[in-house]
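See below for the structure under consideration.
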Amino acid sequence: MENTSSDIRQLNEKIHQASAFVDLLNMELGKVIVGQRYMVERLLIGLLAQGHVLLEGVPGLAKTLSIKSLSSAINAKFSRIQFTPDLLPADVVGTMIYNQQKNEFVVRKGPIFANFILADEINRAPAKVQSALLEAMQERQITIGDSTFKLDDPFLVLATQNPIEQEGTYTLPEAQVDRFMLKVVIGYPTKEEERHIIRQNLNPEASAPIRPVIQPADILEARKLVREVYMDEKIEKYIIDIVFATRNPEEYKLQKLKPLISYGGSPRASINLALAAKAYAFMKRRGYVIPEDVRSICFDVMRHRVGLTYEAEAENVTSENILSEILNAVEVP
Amino acid sequence: MYKQQVIRRILLSFFIGLLFPLGLLAQNTLEVTAKADSSSIRIGEQVKLHLKATVPAAVFNKPEFRLLLPIVPDSLDHFEVVTRSRVDTLTQQDMKVLQQTLTVTSFDSGHWEFPPQKFEVYGATGANSVDTLFSQPLGIDVNTVAVDTTKAFKPIKTVRAVPWNIWDYWLYIAIGAAVVLIALGLWLYFRKRPEKKPAEKLPLVTPYDLARQQLKSLKEEQLWQQGDIKQYYTRLTDILRTYFEHQFGIAALEQTSEELLKNIKPVTKLNQQRDKLRSLLAIADLAKFAKLQPTADEHEDCMTKAEEILEWTRPKEEPVAQTPGAPDEKPQTGA
């Protein structure tokens, strides 16, 4: 059914009211997290668009603190899994253990049964463990023995990768990386932010604890509204143009990118870009998507979906460089 | 003593008398000779040696007659044969002369004798007769070069220049001539080719004038009056973006409204007019992406704002050429 002008106006007002919790969440998280607004914003986009987030950044950038604080602010269950080379799939999803008293096998659920999962250093565990987690992320259910358990909603996996230590790691295959809606690269805080961080950590009593400002049910409600955000066909065309430019750059007068790209974005990239743009519009308290929303989220949705050739790697060309070229060449509607 | 002299003369006369008939035979029948051009050469110098057989024509014409000239090897004692000519046959009155010339040299100094050469004659005196005739031996003095030891050694001669000959350079001359001819031919071809008509020059249109024309045509099309509001704002913003792109060299068509507002600021006087541009773009975005239906006043207001922005950013004098056949407006896509 096509939206009319009055429908969109009503939707806009509805979203304007419903998205008020975003500011509340930001305020609450701001109590303990200094800076890193970009990361927090992306976490919320993942939460609202029902997509998982892969974080890349050096240790000590408040990745764990952010997701823990977010779960506290939403009054959700949080668990952290430190991925190591000797980790087994059962350590993540759970297993059957024998109960001697009852003389039967009982299910011991793993740490994945939570609302917010922090999969720390996901590339340190072997492929079978990564697969177990990624399967759970995709299916949102776990089978242990004969029983299948649906995972709690909201369910958000935040996986981290350390970009500096590559020795003894198991790089995530492209097909599995594609399952993350966003890949966020986190940078260092500014000088001013770092000073605040020092002061806050030297006097921990001064900072107030995180209190729940919304309930998981509110998130589920917000997700429904995110799906309703109006996306004009011009915006759809813009998204398709961006994704197609990663596949066939020569059609967008970007012949020079052709030898640098080994593969472009999949249809999942288009879906996620549209969903994330809707979530971003929601967070900006709008009931419709504008090109700014697409551009704002484009790097995080696309950077892990553009494959680079050896030639590109030899020339130190990154997927961000390629995406910049594409965004500067594709006409904005 | 006298007696001995007399006996010697008698014996000599006897032997001469014996040889006399053979000499007559030789003169009347067949004669072979070997002669050198010179009897004295310097070491390494060459000398011509003529081997000749004179045969009466009657004998020569006999069917069974055959004469084999000497087969001289390449190297003899103290002599080397350098070249050999072909056997030449001449007719002199009633005689036939067969002759061959050898060029010989010697690298041994001294007096050397070129040995008698064997001529074999078949069928001269009878059907199956075989006669062998020998030429006289030839004495040749081979002298070394006299060295004046009283004089100092002379230095080694420098490399001598080869005498210039035009035929040594015929290939280069031919190539040069060919190049000159080709160049001349091309010059003549291009000189005589009909000149292209100069491209029709279109009047120069400034980005400002172009934008004004497009705004005027947008007004005349009355898009919003016909209910095509989305298309009206799409065209309006595209006209402005194209103008900014041509006028200020910024990629306005590839920028979002926010980016445009940020990037247009440093290059224009739009600081004071930025709010007008912002409100125009905001309404346009709402109309394009949120199906907003602005009022008629807002439509007019947006057009007025666009015209004002053009006036504010009007350049002094920077004409750009409008290429023939180029569309005067950006092609529209989408609804």
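Starting from 1 in every chain, residues are counted up; chains themselves are A, B, ... following the order of the structure tokens, and ligands are numbered from 1 as listed.
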Can you build me a table of chain A residues sitting at most 9 Å from chain B, with the closest atom pair per residue and its distance in Å to one decimal, using only C-alpha atoms, sorted by chain and residue number, as CSV?
```
residue,atom,partner,partner_atom,distance
A:Asn3,CA,B:Lys291,CA,8.5
A:Thr4,CA,B:Lys291,CA,7.1
A:Ser5,CA,B:Lys291,CA,5.1
A:Ser6,CA,B:Leu292,CA,8.3
A:Ile8,CA,B:Ala290,CA,6.6
A:Arg9,CA,B:Leu292,CA,7.9
A:Tyr230,CA,B:Ala290,CA,7.1
A:Met231,CA,B:Phe289,CA,7.1
A:Asp232,CA,B:Phe289,CA,5.3
A:Glu233,CA,B:Gly334,CA,7.7
A:Lys234,CA,B:Gly334,CA,6.4
A:Ile235,CA,B:Phe289,CA,7.5
A:Lys237,CA,B:Gly334,CA,8.3
A:Gly287,CA,B:Ala290,CA,8.0
A:Tyr288,CA,B:Ala290,CA,5.7
A:Val289,CA,B:Phe289,CA,6.8
A:Ile290,CA,B:Phe289,CA,6.3
A:Pro291,CA,B:Thr256,CA,6.2
A:Glu292,CA,B:Thr256,CA,6.0
A:Arg295,CA,B:Thr256,CA,8.4
A:Leu327,CA,B:Glu254,CA,7.3
A:Asn328,CA,B:Glu254,CA,5.7
A:Ala329,CA,B:Glu254,CA,6.3
A:Val330,CA,B:Glu254,CA,6.0
A:Glu331,CA,B:Glu254,CA,4.5
A:Val332,CA,B:Glu254,CA,5.0
A:Pro333,CA,B:Thr234,CA,7.9
```
**Message:** Please identify the strand (DSSP E) residues within stretch 64-254 of chain B (assignment by DSSP from backbone atoms) and present them as number ranges by chain.
**Reply:** B: 66-68, 75-76, 79-84, 88-92, 95-105, 110-114, 118-122, 130-134, 138-143
**Message:** Between atom CA of A:Lys191 and atom CA of A:Gly35, what is the distance in Å, rounded to a tenth?
**Reply:** 10.4 Å
**Item:** Which of stretch 42-257 of chain A fall in helix (DSSP H, G or I), as number ranges by chain
**Value:** A: 42-49, 63-73, 89-93, 122-124, 127-139, 174-177, 191-202, 204-206, 216-228, 233-247, 249-252, 255-257
**Message:** What does the structure give for the distance between atom CA of A:Phe155 and atom CA of A:Phe116, in Å to one decimal?
**Reply:**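 According to the coordinates, atom CA of A:Phe155 and atom CA of A:Phe116 are separated by 5.9 Å.
Closest approach to B:Leu133 among B:Leu223, B:Leu67, B:Val180, B:Val81 is made by B:Leu67 (distances from only C-alpha atoms).
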**Prompt:** If we count only C-alpha atoms, what is near B:His299 at a cut-off of 9 Å, once residues fewer than 2 positions away on the same chain are taken out, given as a VMD selection string?
**Reply:** chain B and resid 224 229 232 to 233 294 to 297 301 to 304
Okay, now the selection with N, CA and C atoms, as a PDB file, in the first residue's frame?
```pdb
ATOM      1  N   TRP B 224       4.033  22.373 -10.559  1.00  0.00           N
ATOM      2  CA  TRP B 224       3.281  22.239  -9.295  1.00  0.00           C
ATOM      3  C   TRP B 224       1.808  22.544  -9.471  1.00  0.00           C
ATOM      4  N   ILE B 229       4.462  17.895  -7.905  1.00  0.00           N
ATOM      5  CA  ILE B 229       5.279  18.667  -6.960  1.00  0.00           C
ATOM      6  C   ILE B 229       6.682  18.080  -6.814  1.00  0.00           C
ATOM      7  N   TYR B 232       8.751  19.083  -9.627  1.00  0.00           N
ATOM      8  CA  TYR B 232       9.026  20.522  -9.556  1.00  0.00           C
ATOM      9  C   TYR B 232      10.246  20.779  -8.660  1.00  0.00           C
ATOM     10  N   TYR B 233      10.253  20.155  -7.485  1.00  0.00           N
ATOM     11  CA  TYR B 233      11.374  20.400  -6.554  1.00  0.00           C
ATOM     12  C   TYR B 233      12.654  19.688  -6.999  1.00  0.00           C
ATOM     13  N   PRO B 294       3.817  21.059  -0.092  1.00  0.00           N
ATOM     14  CA  PRO B 294       3.883  22.464   0.343  1.00  0.00           C
ATOM     15  C   PRO B 294       2.728  23.259  -0.268  1.00  0.00           C
ATOM     16  N   THR B 295       2.475  24.396   0.340  1.00  0.00           N
ATOM     17  CA  THR B 295       1.386  25.244  -0.169  1.00  0.00           C
ATOM     18  C   THR B 295       1.859  25.978  -1.417  1.00  0.00           C
ATOM     19  N   ALA B 296       0.902  26.579  -2.094  1.00  0.00           N
ATOM     20  CA  ALA B 296       1.236  27.334  -3.317  1.00  0.00           C
ATOM     21  C   ALA B 296       2.199  28.461  -2.994  1.00  0.00           C
ATOM     22  N   ASP B 297       1.992  29.073  -1.836  1.00  0.00           N
ATOM     23  CA  ASP B 297       2.899  30.162  -1.439  1.00  0.00           C
ATOM     24  C   ASP B 297       4.318  29.647  -1.256  1.00  0.00           C
ATOM     25  N   ASP B 301       7.534  30.775  -3.105  1.00  0.00           N
ATOM     26  CA  ASP B 301       8.609  31.272  -2.239  1.00  0.00           C
ATOM     27  C   ASP B 301       9.938  30.579  -2.574  1.00  0.00           C
ATOM     28  N   CYS B 302       9.855  29.278  -2.825  1.00  0.00           N
ATOM     29  CA  CYS B 302      11.079  28.531  -3.154  1.00  0.00           C
ATOM     30  C   CYS B 302      11.669  29.025  -4.468  1.00  0.00           C
ATOM     31  N   MET B 303      10.796  29.302  -5.430  1.00  0.00           N
ATOM     32  CA  MET B 303      11.275  29.814  -6.719  1.00  0.00           C
ATOM     33  C   MET B 303      11.933  31.180  -6.525  1.00  0.00           C
ATOM     34  N   THR B 304      11.291  32.016  -5.714  1.00  0.00           N
ATOM     35  CA  THR B 304      11.845  33.348  -5.450  1.00  0.00           C
ATOM     36  C   THR B 304      13.209  33.231  -4.765  1.00  0.00           C
TER      37      THR B 304
END
```
**Contact residues around A:Ile74 with only C-alpha atoms at 6 Å, ignoring same-chain residues under 4 positions, as a ChimeraX atom specification** = /A:212,214-216
Restrict the selected residues to N, CA and C atoms and save them as an mmCIF file, in the first residue's frame.
```cif
data_model
loop_
_atom_site.group_PDB
_atom_site.id
_atom_site.type_symbol
_atom_site.label_atom_id
_atom_site.label_comp_id
_atom_site.auth_asym_id
_atom_site.auth_seq_id
_atom_site.Cartn_x
_atom_site.Cartn_y
_atom_site.Cartn_z
ATOM 1 N N PRO A 212 18.249 1.766 34.371
ATOM 2 C CA PRO A 212 17.450 1.437 33.184
ATOM 3 C C PRO A 212 16.489 2.572 32.841
ATOM 4 N N ILE A 214 14.823 2.455 29.636
ATOM 5 C CA ILE A 214 13.756 1.827 28.838
ATOM 6 C C ILE A 214 13.796 0.317 29.054
ATOM 7 N N GLN A 215 12.774 -0.336 28.565
ATOM 8 C CA GLN A 215 12.676 -1.780 28.707
ATOM 9 C C GLN A 215 12.900 -2.441 27.339
ATOM 10 N N PRO A 216 13.312 -3.710 27.340
ATOM 11 C CA PRO A 216 13.491 -4.395 26.043
ATOM 12 C C PRO A 216 12.248 -4.333 25.166
#
```
Any idea what's packed within 8 Å of A:Val185, counting only C-alpha atoms, ignoring anything in its chain fewer than 2 positions away? Could you give it as a short mmCIF file (atom, residue, chain, number, x, y, z; two decimals) with N, CA and C atoms, in the first residue's frame?
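Output below, filename result_23.cif:
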```cif
data_model
loop_
_atom_site.label_atom_id
_atom_site.label_comp_id
_atom_site.auth_asym_id
_atom_site.auth_seq_id
_atom_site.Cartn_x
_atom_site.Cartn_y
_atom_site.Cartn_z
N LEU A 55 33.03 -4.70 15.65
CA LEU A 55 33.81 -3.52 16.03
C LEU A 55 35.29 -3.79 15.82
N GLU A 56 35.96 -2.85 15.21
CA GLU A 56 37.40 -3.02 15.03
C GLU A 56 38.09 -1.82 15.69
N GLY A 57 38.95 -2.13 16.61
CA GLY A 57 39.66 -1.05 17.29
C GLY A 57 40.65 -1.63 18.27
N LYS A 183 30.17 -2.82 10.24
CA LYS A 183 31.54 -2.99 10.74
C LYS A 183 32.02 -1.58 11.09
N GLY A 187 38.06 4.88 16.59
CA GLY A 187 39.31 5.63 16.72
C GLY A 187 39.53 6.07 18.15
N ASP A 300 29.92 2.18 7.23
CA ASP A 300 29.84 1.09 8.21
C ASP A 300 29.13 -0.14 7.65
#
```
**Message:** Which residue is closest to A:Pro267? Choose from A:Asp7, A:Asp178, A:Asp120, A:Glu221 and count only C-alpha atoms.
**Reply:**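 Of all the options, A:Asp178 lies closest to A:Pro267.
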**Surrounding residues of A:Ile261 excluding itself and chain neighbours under 6 positions, 7 Å, only C-alpha atoms, as a list in words** =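 Listing them by chain and then by number gives Val306, Gly307, Leu308 and Thr309 of chain A.
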Next, write the just-selected residues to a file, as a PDB file, in the first residue's frame, keeping C-alpha atoms as the atom set.
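File again.pdb, as written:
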```
ATOM      1  CA  VAL A 306      33.825  -4.632  -0.713  1.00  0.00           C
ATOM      2  CA  GLY A 307      36.590  -7.117  -1.514  1.00  0.00           C
ATOM      3  CA  LEU A 308      39.974  -5.705  -2.396  1.00  0.00           C
ATOM      4  CA  THR A 309      42.344  -7.161  -4.961  1.00  0.00           C
TER       5      THR A 309
END
```
